[in-house]
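Peer 1: Provided below: target_21.cif, containing mmCIF, C-alpha atoms.
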```
data_upload
#
loop_
_atom_site.group_PDB
_atom_site.id
_atom_site.type_symbol
_atom_site.label_atom_id
_atom_site.label_comp_id
_atom_site.auth_asym_id
_atom_site.auth_seq_id
_atom_site.Cartn_x
_atom_site.Cartn_y
_atom_site.Cartn_z
ATOM 1 C CA MET E 928 46.421 23.564 -1.050
ATOM 2 C CA LYS E 929 48.491 22.612 -4.112
ATOM 3 C CA GLY E 930 45.996 19.839 -4.974
ATOM 4 C CA PHE E 931 43.116 22.302 -4.704
ATOM 5 C CA LYS E 932 44.862 24.755 -7.033
ATOM 6 C CA LEU E 933 45.559 21.973 -9.524
ATOM 7 C CA SER E 934 41.935 20.769 -9.383
ATOM 8 C CA PHE E 935 40.618 24.312 -9.685
ATOM 9 C CA SER E 936 42.935 25.040 -12.620
ATOM 10 C CA LEU E 937 41.922 21.797 -14.319
ATOM 11 C CA CYS E 938 38.228 22.609 -13.864
ATOM 12 C CA LEU E 939 38.767 26.115 -15.235
ATOM 13 C CA VAL E 940 40.600 24.803 -18.298
ATOM 14 C CA LEU E 941 37.973 22.118 -18.913
ATOM 15 C CA THR E 942 35.138 24.605 -18.553
ATOM 16 C CA THR E 943 36.858 26.951 -20.994
ATOM 17 C CA LEU E 944 37.450 24.123 -23.465
ATOM 18 C CA LEU E 945 33.835 23.017 -23.219
ATOM 19 C CA VAL E 946 32.421 26.528 -23.644
ATOM 20 C CA VAL E 947 34.759 27.413 -26.518
ATOM 21 C CA GLY E 948 34.501 23.964 -28.062
ATOM 22 C CA VAL E 949 30.714 23.784 -27.924
ATOM 23 C CA GLY E 950 30.262 27.385 -29.061
ATOM 24 C CA SER E 951 32.605 27.125 -32.053
ATOM 25 C CA THR E 952 31.558 23.818 -33.526
ATOM 26 C CA SER E 953 28.317 22.139 -34.340
ATOM 27 C CA ALA E 954 29.755 18.659 -33.820
ATOM 28 C CA GLN E 955 28.733 16.686 -30.757
ATOM 29 C CA LEU E 956 31.360 16.658 -28.015
ATOM 30 C CA LYS E 957 32.082 13.042 -27.094
ATOM 31 C CA ILE E 958 33.651 12.486 -23.676
ATOM 32 C CA GLY E 959 34.707 9.236 -22.056
ATOM 33 C CA TYR E 960 36.623 8.293 -18.955
ATOM 34 C CA VAL E 961 38.738 5.494 -17.539
ATOM 35 C CA ASN E 962 39.588 4.478 -14.006
ATOM 36 C CA SER E 963 43.387 4.164 -13.937
ATOM 37 C CA ASN E 964 43.372 2.395 -10.563
ATOM 38 C CA LYS E 965 41.182 -0.356 -11.976
ATOM 39 C CA VAL E 966 43.302 -0.587 -15.138
ATOM 40 C CA LEU E 967 46.522 -0.915 -13.143
ATOM 41 C CA ALA E 968 44.916 -3.417 -10.765
ATOM 42 C CA THR E 969 43.512 -5.710 -13.459
ATOM 43 C CA TYR E 970 45.765 -5.302 -16.518
ATOM 44 C CA LYS E 971 47.973 -8.413 -16.812
ATOM 45 C CA GLU E 972 51.241 -6.592 -17.527
ATOM 46 C CA ALA E 973 50.692 -4.222 -14.591
ATOM 47 C CA GLN E 974 49.925 -7.219 -12.359
ATOM 48 C CA ASP E 975 53.207 -8.812 -13.466
ATOM 49 C CA VAL E 976 55.072 -5.632 -12.498
ATOM 50 C CA ARG E 977 53.369 -5.590 -9.090
ATOM 51 C CA GLU E 978 54.361 -9.237 -8.577
ATOM 52 C CA LYS E 979 58.002 -8.478 -9.435
ATOM 53 C CA LEU E 980 57.941 -5.550 -7.015
ATOM 54 C CA ARG E 981 56.420 -7.734 -4.264
ATOM 55 C CA ASP E 982 59.162 -10.334 -4.766
ATOM 56 C CA LEU E 983 61.871 -7.677 -4.662
ATOM 57 C CA ASN E 984 60.391 -6.123 -1.521
ATOM 58 C CA ALA E 985 60.191 -9.556 0.096
ATOM 59 C CA GLU E 986 63.918 -10.057 -0.527
ATOM 60 C CA TRP E 987 64.709 -6.661 0.978
ATOM 61 C CA GLU E 988 62.457 -7.335 3.965
ATOM 62 C CA LYS E 989 64.235 -10.634 4.576
ATOM 63 C CA GLU E 990 67.581 -8.838 4.481
ATOM 64 C CA ALA E 991 66.302 -6.145 6.873
ATOM 65 C CA LYS E 992 64.981 -8.765 9.297
ATOM 66 C CA GLY E 993 68.378 -10.472 9.237
ATOM 67 C CA MET E 994 70.008 -7.184 10.169
ATOM 68 C CA GLN E 995 67.463 -6.655 12.969
ATOM 69 C CA LYS E 996 68.138 -10.144 14.297
ATOM 70 C CA GLN E 997 71.889 -9.520 14.287
ATOM 71 C CA ILE E 998 71.418 -6.280 16.252
ATOM 72 C CA GLN E 999 69.067 -7.974 18.711
ATOM 73 C CA ASP E 1000 71.473 -10.892 19.215
ATOM 74 C CA LEU E 1001 74.358 -8.519 19.938
ATOM 75 C CA GLN E 1002 72.241 -6.549 22.400
ATOM 76 C CA GLU E 1003 71.235 -9.746 24.223
ATOM 77 C CA GLN E 1004 74.839 -10.898 24.236
ATOM 78 C CA LEU E 1005 75.942 -7.578 25.718
ATOM 79 C CA GLU E 1006 73.264 -7.754 28.401
ATOM 80 C CA SER E 1007 74.080 -11.329 29.357
ATOM 81 C CA GLN E 1008 77.834 -10.661 29.536
ATOM 82 C CA SER E 1009 77.600 -7.179 30.967
ATOM 83 C CA LEU E 1010 78.861 -8.137 34.417
ATOM 84 C CA LEU E 1011 81.830 -10.039 32.988
ATOM 85 C CA LEU E 1012 83.018 -7.419 30.495
ATOM 86 C CA SER E 1013 85.359 -4.532 31.221
ATOM 87 C CA GLU E 1014 84.084 -1.008 30.563
ATOM 88 C CA GLU E 1015 86.292 -0.792 27.500
ATOM 89 C CA ARG E 1016 84.870 -4.034 26.064
ATOM 90 C CA LYS E 1017 81.282 -2.908 26.846
ATOM 91 C CA GLN E 1018 81.884 0.298 24.926
ATOM 92 C CA GLU E 1019 83.297 -1.661 21.988
ATOM 93 C CA LYS E 1020 80.191 -3.855 21.927
ATOM 94 C CA GLN E 1021 77.900 -0.809 22.180
ATOM 95 C CA GLN E 1022 79.758 0.863 19.311
ATOM 96 C CA GLU E 1023 79.424 -2.305 17.257
ATOM 97 C CA ILE E 1024 75.683 -2.382 17.938
ATOM 98 C CA GLN E 1025 75.395 1.325 17.095
ATOM 99 C CA SER E 1026 77.332 0.803 13.855
ATOM 100 C CA LEU E 1027 75.062 -2.084 12.819
ATOM 101 C CA TYR E 1028 71.997 -0.035 13.714
ATOM 102 C CA LEU E 1029 73.200 2.839 11.508
ATOM 103 C CA LYS E 1030 73.807 0.394 8.640
ATOM 104 C CA TYR E 1031 70.286 -0.951 9.175
ATOM 105 C CA GLN E 1032 68.786 2.563 9.065
ATOM 106 C CA GLN E 1033 70.796 3.363 5.938
ATOM 107 C CA PHE E 1034 69.593 0.141 4.320
ATOM 108 C CA LEU E 1035 65.951 1.032 5.062
ATOM 109 C CA ASN E 1036 66.423 4.500 3.613
ATOM 110 C CA GLU E 1037 68.181 3.183 0.492
ATOM 111 C CA LYS E 1038 65.397 0.715 -0.182
ATOM 112 C CA TRP E 1039 62.211 2.487 0.947
ATOM 113 C CA GLY E 1040 63.177 6.136 1.468
ATOM 114 C CA ALA E 1041 61.867 9.031 -0.621
ATOM 115 C CA GLN E 1042 64.538 8.432 -3.283
ATOM 116 C CA GLY E 1043 64.817 4.716 -2.554
ATOM 117 C CA GLU E 1044 65.244 1.774 -4.861
ATOM 118 C CA ALA E 1045 61.614 0.679 -4.395
ATOM 119 C CA ILE E 1046 60.280 3.890 -5.928
ATOM 120 C CA LYS E 1047 62.880 3.920 -8.699
ATOM 121 C CA LYS E 1048 62.247 0.287 -9.572
ATOM 122 C CA GLU E 1049 58.481 0.819 -9.637
ATOM 123 C CA GLU E 1050 58.872 3.772 -11.999
ATOM 124 C CA GLU E 1051 61.297 1.821 -14.191
ATOM 125 C CA LEU E 1052 59.046 -1.235 -14.455
ATOM 126 C CA LEU E 1053 55.766 0.667 -14.855
ATOM 127 C CA GLU E 1054 57.006 3.141 -17.485
ATOM 128 C CA PRO E 1055 56.562 0.820 -20.495
ATOM 129 C CA VAL E 1056 53.195 -0.366 -19.143
ATOM 130 C CA ILE E 1057 51.946 3.231 -18.758
ATOM 131 C CA LYS E 1058 53.151 4.064 -22.284
ATOM 132 C CA LYS E 1059 51.254 1.063 -23.646
ATOM 133 C CA ILE E 1060 48.102 2.130 -21.750
ATOM 134 C CA ASN E 1061 48.367 5.679 -23.102
ATOM 135 C CA VAL E 1062 48.792 4.408 -26.667
ATOM 136 C CA ALA E 1063 45.707 2.199 -26.256
ATOM 137 C CA ILE E 1064 43.687 5.142 -24.875
ATOM 138 C CA LYS E 1065 44.763 7.270 -27.839
ATOM 139 C CA ASN E 1066 43.848 4.496 -30.285
ATOM 140 C CA ILE E 1067 40.396 4.050 -28.729
ATOM 141 C CA GLY E 1068 39.846 7.818 -28.708
ATOM 142 C CA GLU E 1069 40.760 8.195 -32.365
ATOM 143 C CA ALA E 1070 38.942 5.062 -33.551
ATOM 144 C CA GLU E 1071 35.725 5.833 -31.674
ATOM 145 C CA GLY E 1072 35.671 9.598 -32.144
ATOM 146 C CA TYR E 1073 36.126 10.820 -28.570
ATOM 147 C CA SER E 1074 36.886 14.495 -28.059
ATOM 148 C CA TYR E 1075 38.258 13.884 -24.566
ATOM 149 C CA ILE E 1076 39.019 10.862 -22.406
ATOM 150 C CA PHE E 1077 39.597 11.615 -18.743
ATOM 151 C CA ASP E 1078 41.046 9.583 -15.921
ATOM 152 C CA THR E 1079 38.639 9.629 -13.000
ATOM 153 C CA VAL E 1080 41.557 9.148 -10.597
ATOM 154 C CA ALA E 1081 44.219 11.547 -11.860
ATOM 155 C CA ALA E 1082 41.890 14.233 -13.195
ATOM 156 C CA ASN E 1083 39.836 14.312 -9.999
ATOM 157 C CA ILE E 1084 36.484 14.148 -11.728
ATOM 158 C CA LEU E 1085 33.922 14.525 -9.003
ATOM 159 C CA TYR E 1086 30.921 13.825 -11.176
ATOM 160 C CA ALA E 1087 30.311 11.851 -14.315
ATOM 161 C CA SER E 1088 26.730 11.635 -15.491
ATOM 162 C CA GLU E 1089 25.352 8.205 -16.160
ATOM 163 C CA ASP E 1090 25.209 8.871 -19.908
ATOM 164 C CA GLN E 1091 28.991 9.356 -20.084
ATOM 165 C CA THR E 1092 30.980 6.451 -21.376
ATOM 166 C CA ASP E 1093 33.235 4.538 -18.985
ATOM 167 C CA LEU E 1094 35.972 3.196 -21.228
ATOM 168 C CA THR E 1095 37.816 1.258 -18.528
ATOM 169 C CA GLU E 1096 36.558 -2.183 -19.615
ATOM 170 C CA ARG E 1097 37.046 -1.298 -23.284
ATOM 171 C CA LEU E 1098 40.626 -0.220 -22.518
ATOM 172 C CA LEU E 1099 41.357 -3.417 -20.582
ATOM 173 C CA LYS E 1100 39.990 -5.475 -23.473
ATOM 174 C CA GLU E 1101 42.227 -3.578 -25.907
ATOM 175 C CA LEU E 1102 45.297 -3.930 -23.685
ATOM 176 C CA ASN E 1103 44.790 -7.640 -23.075
ATOM 177 C CA LYS E 1104 44.451 -8.561 -26.765
ATOM 178 C CA GLY E 1105 46.971 -11.294 -27.432
ATOM 179 C CA VAL E 1106 48.160 -11.413 -23.816
ATOM 180 C CA PRO E 1107 47.946 -14.939 -22.390
ATOM 181 C CA ALA E 1108 45.696 -15.320 -19.380
ATOM 182 C CA LYS E 1109 47.451 -15.429 -16.029
ATOM 183 C CA THR E 1110 47.989 -18.912 -14.728
ATOM 184 C CA ASN E 1111 48.245 -19.506 -11.021
ATOM 185 C CA SER E 1112 51.622 -21.216 -10.617
ATOM 186 C CA ASN E 1113 51.558 -20.947 -6.832
ATOM 187 C CA SER E 1114 48.776 -23.436 -6.263
ATOM 188 C CA ASN E 1115 49.930 -26.083 -3.811
#
```
So that I can check it, write out the structure of this file as structure tokens.

Peer 2:
Amino acid sequence: MKGFKLSFSLCLVLTTLLVVGVGSTSAQLKIGYVNSNKVLATYKEAQDVREKLRDLNAEWEKEAKGMQKQIQDLQEQLESQSLLLSEERKQEKQQEIQSLYLKYQQFLNEKWGAQGEAIKKEEELLEPVIKKINVAIKNIGEAEGYSYIFDTVAANILYASEDQTDLTERLLKELNKGVPAKTNSNSN
């Protein structure tokens, strides 16, 4: 419902801007759009951020698997020694397993929860990239005389006529000026 209200509000504002803008000026309204998903997927600096995040997540996953293995080993040990252990010792082992399990759950939440390190790190690493993209969009808009440049992903544009200008490739070209091409260092 919130997304619908936002889309409806955006459409209302855009319609108002177009009606007022077209009615009050004789200049041609020039509109372009970019696809932010494509930009983030193909822009070298954004790819580097994604790679760093993948590496970080891989480290965390390895740590989580180690914790899982430790819990599993203790459970198997408890099961195999169950007949030999006193009730008191069984309870100690079960509490140890429970304690490790709680630490494991806490670890998962700290890393991948709603306020987890993964989200914070992604925001931290992507912030300068997003700023650079926005500056490039502004520069293209000013240099080429665009009245508006929309993001087809974030602005929820449901239709763009074929005569509208897709600036995604132009933006990627601008962003990648002077950036060395990615070399595949993982080829074995």

Peer 1: Go through E:Ile1076, E:Ile1046, E:Ala973, E:Leu1027 one by one, measure the shortest atom-to-atom distance of each to E:Leu1001 using only C-alpha atoms, and give the residue with the smallest value.

Peer 2: E:Leu1027

Peer 1: Under the PyMOL selection byres ((chain E and resi 1078) around 10), which residues of this model are included? Write them out as an mmCIF file with C-alpha atoms, in the frame of the given file.

Peer 2:
```cif
data_model
loop_
_atom_site.group_PDB
_atom_site.id
_atom_site.type_symbol
_atom_site.label_atom_id
_atom_site.label_comp_id
_atom_site.auth_asym_id
_atom_site.auth_seq_id
_atom_site.Cartn_x
_atom_site.Cartn_y
_atom_site.Cartn_z
ATOM 1 C CA GLY E 959 34.707 9.236 -22.056
ATOM 2 C CA TYR E 960 36.623 8.293 -18.955
ATOM 3 C CA VAL E 961 38.738 5.494 -17.539
ATOM 4 C CA ASN E 962 39.588 4.478 -14.006
ATOM 5 C CA SER E 963 43.387 4.164 -13.937
ATOM 6 C CA ASN E 964 43.372 2.395 -10.563
ATOM 7 C CA ILE E 1076 39.019 10.862 -22.406
ATOM 8 C CA PHE E 1077 39.597 11.615 -18.743
ATOM 9 C CA THR E 1079 38.639 9.629 -13.000
ATOM 10 C CA VAL E 1080 41.557 9.148 -10.597
ATOM 11 C CA ALA E 1081 44.219 11.547 -11.860
ATOM 12 C CA ALA E 1082 41.890 14.233 -13.195
ATOM 13 C CA ASN E 1083 39.836 14.312 -9.999
ATOM 14 C CA ILE E 1084 36.484 14.148 -11.728
ATOM 15 C CA ASP E 1093 33.235 4.538 -18.985
ATOM 16 C CA LEU E 1094 35.972 3.196 -21.228
ATOM 17 C CA THR E 1095 37.816 1.258 -18.528
#
```

Peer 1: Take the PyMOL selection byres ((chain E and resi 971) around 12), apply it to the structure above, and return the hits as a list in words.

Peer 2: Lys965, Val966, Leu967, Ala968, Thr969, Tyr970, Glu972, Ala973, Gln974, Asp975, Val976, Arg977, Glu978, Val1056, Ile1060, Leu1099, Lys1100, Glu1101, Leu1102, Asn1103, Lys1104, Gly1105, Val1106, Pro1107, Ala1108, Lys1109 and Thr1110 of chain E

Peer 1: So, with all atoms listed in the file as the atoms that count, which of E:Glu1014, E:Asp1000, E:Gln955, E:Trp1039 lies closest to E:Glu988?

Peer 2: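 Using all atoms listed in the file, the shortest distance to E:Glu988 belongs to E:Trp1039.
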
Peer 1: Given the file shown, enumerate the residues that the PyMOL selection byres ((chain E and resi 1074) around 8) captures and present them as a ChimeraX atom specification.

Peer 2: /E:956-958,1068,1072-1073,1075-1076

Peer 1: Could you give me, as a list in words, the residues within 10 Å of E:Ser1026, counting only C-alpha atoms and dropping anything in the same chain fewer than 6 positions from it?

Peer 2: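 Residues meeting the cut-off are Ile998, Lys1020 and Gln1032 of chain E.
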
Peer 1: Show me, as a PDB file with C-alpha atoms, keeping the file's coordinate frame, the residues that have an atom within 12 Å of E:Gln1002 when counting all atoms listed in the file, minus same-chain residues fewer than 6 positions from it.

Peer 2:
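Everything below was put into part.pdb:
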```pdb
ATOM      1  CA  GLN E 995      67.463  -6.655  12.969  1.00  0.00           C
ATOM      2  CA  LYS E 996      68.138 -10.144  14.297  1.00  0.00           C
ATOM      3  CA  GLN E1008      77.834 -10.661  29.536  1.00  0.00           C
ATOM      4  CA  SER E1009      77.600  -7.179  30.967  1.00  0.00           C
ATOM      5  CA  LYS E1017      81.282  -2.908  26.846  1.00  0.00           C
ATOM      6  CA  LYS E1020      80.191  -3.855  21.927  1.00  0.00           C
ATOM      7  CA  GLN E1021      77.900  -0.809  22.180  1.00  0.00           C
ATOM      8  CA  GLN E1022      79.758   0.863  19.311  1.00  0.00           C
ATOM      9  CA  GLU E1023      79.424  -2.305  17.257  1.00  0.00           C
ATOM     10  CA  ILE E1024      75.683  -2.382  17.938  1.00  0.00           C
ATOM     11  CA  GLN E1025      75.395   1.325  17.095  1.00  0.00           C
ATOM     12  CA  LEU E1027      75.062  -2.084  12.819  1.00  0.00           C
ATOM     13  CA  TYR E1028      71.997  -0.035  13.714  1.00  0.00           C
TER      14      TYR E1028
END
```

Peer 1: Quick one: pull the distance between atom CA of E:Glu986 and atom CA of E:Gln1004, Å, one decimal.

Peer 2: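 Atom CA of E:Gln1004 lies at a distance of 27.1 Å from atom CA of E:Glu986.
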
Peer 1: Would you mind reading off the distance between atom CA of E:Leu1029 and atom CA of E:Leu980, one decimal, in Å?

Peer 2: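 About the pair atom CA of E:Leu1029 and atom CA of E:Leu980: they are 25.4 Å apart.
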
Peer 1: Figure out the distance between atom CA of E:Val1062 and atom CA of E:Gly1043, please, to one decimal in Å.

Peer 2: 29.0 Å

Peer 1: Using only C-alpha atoms, pick whichever of E:Phe1034, E:Ile1057, E:Met994, E:Leu1005 has the shortest atom-to-atom distance to E:Gln1018.

Peer 2: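 Result for the nearest residue to E:Gln1018: E:Leu1005.
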
Peer 1: Could you work out an axis-aligned bounding box for all listed atoms of stretch 1090-1099 of chain E, with 4 Å added on each of the six sides, and give its centre and edge lengths in Å to one decimal, as lines of an AutoDock Vina configuration file?

Peer 2:
```
center_x = 33.3
center_y = 3.0
center_z = -20.9
size_x = 24.1
size_y = 20.8
size_z = 12.8
```

Peer 1: Looking at E:Glu1051, E:Ala1045, E:Thr1092, E:Leu1012, which one is nearest to E:Asp982, with distances taken over all atoms listed in the file?

Peer 2: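 Once distances to E:Asp982 are computed over all atoms listed in the file, the minimum belongs to E:Ala1045.
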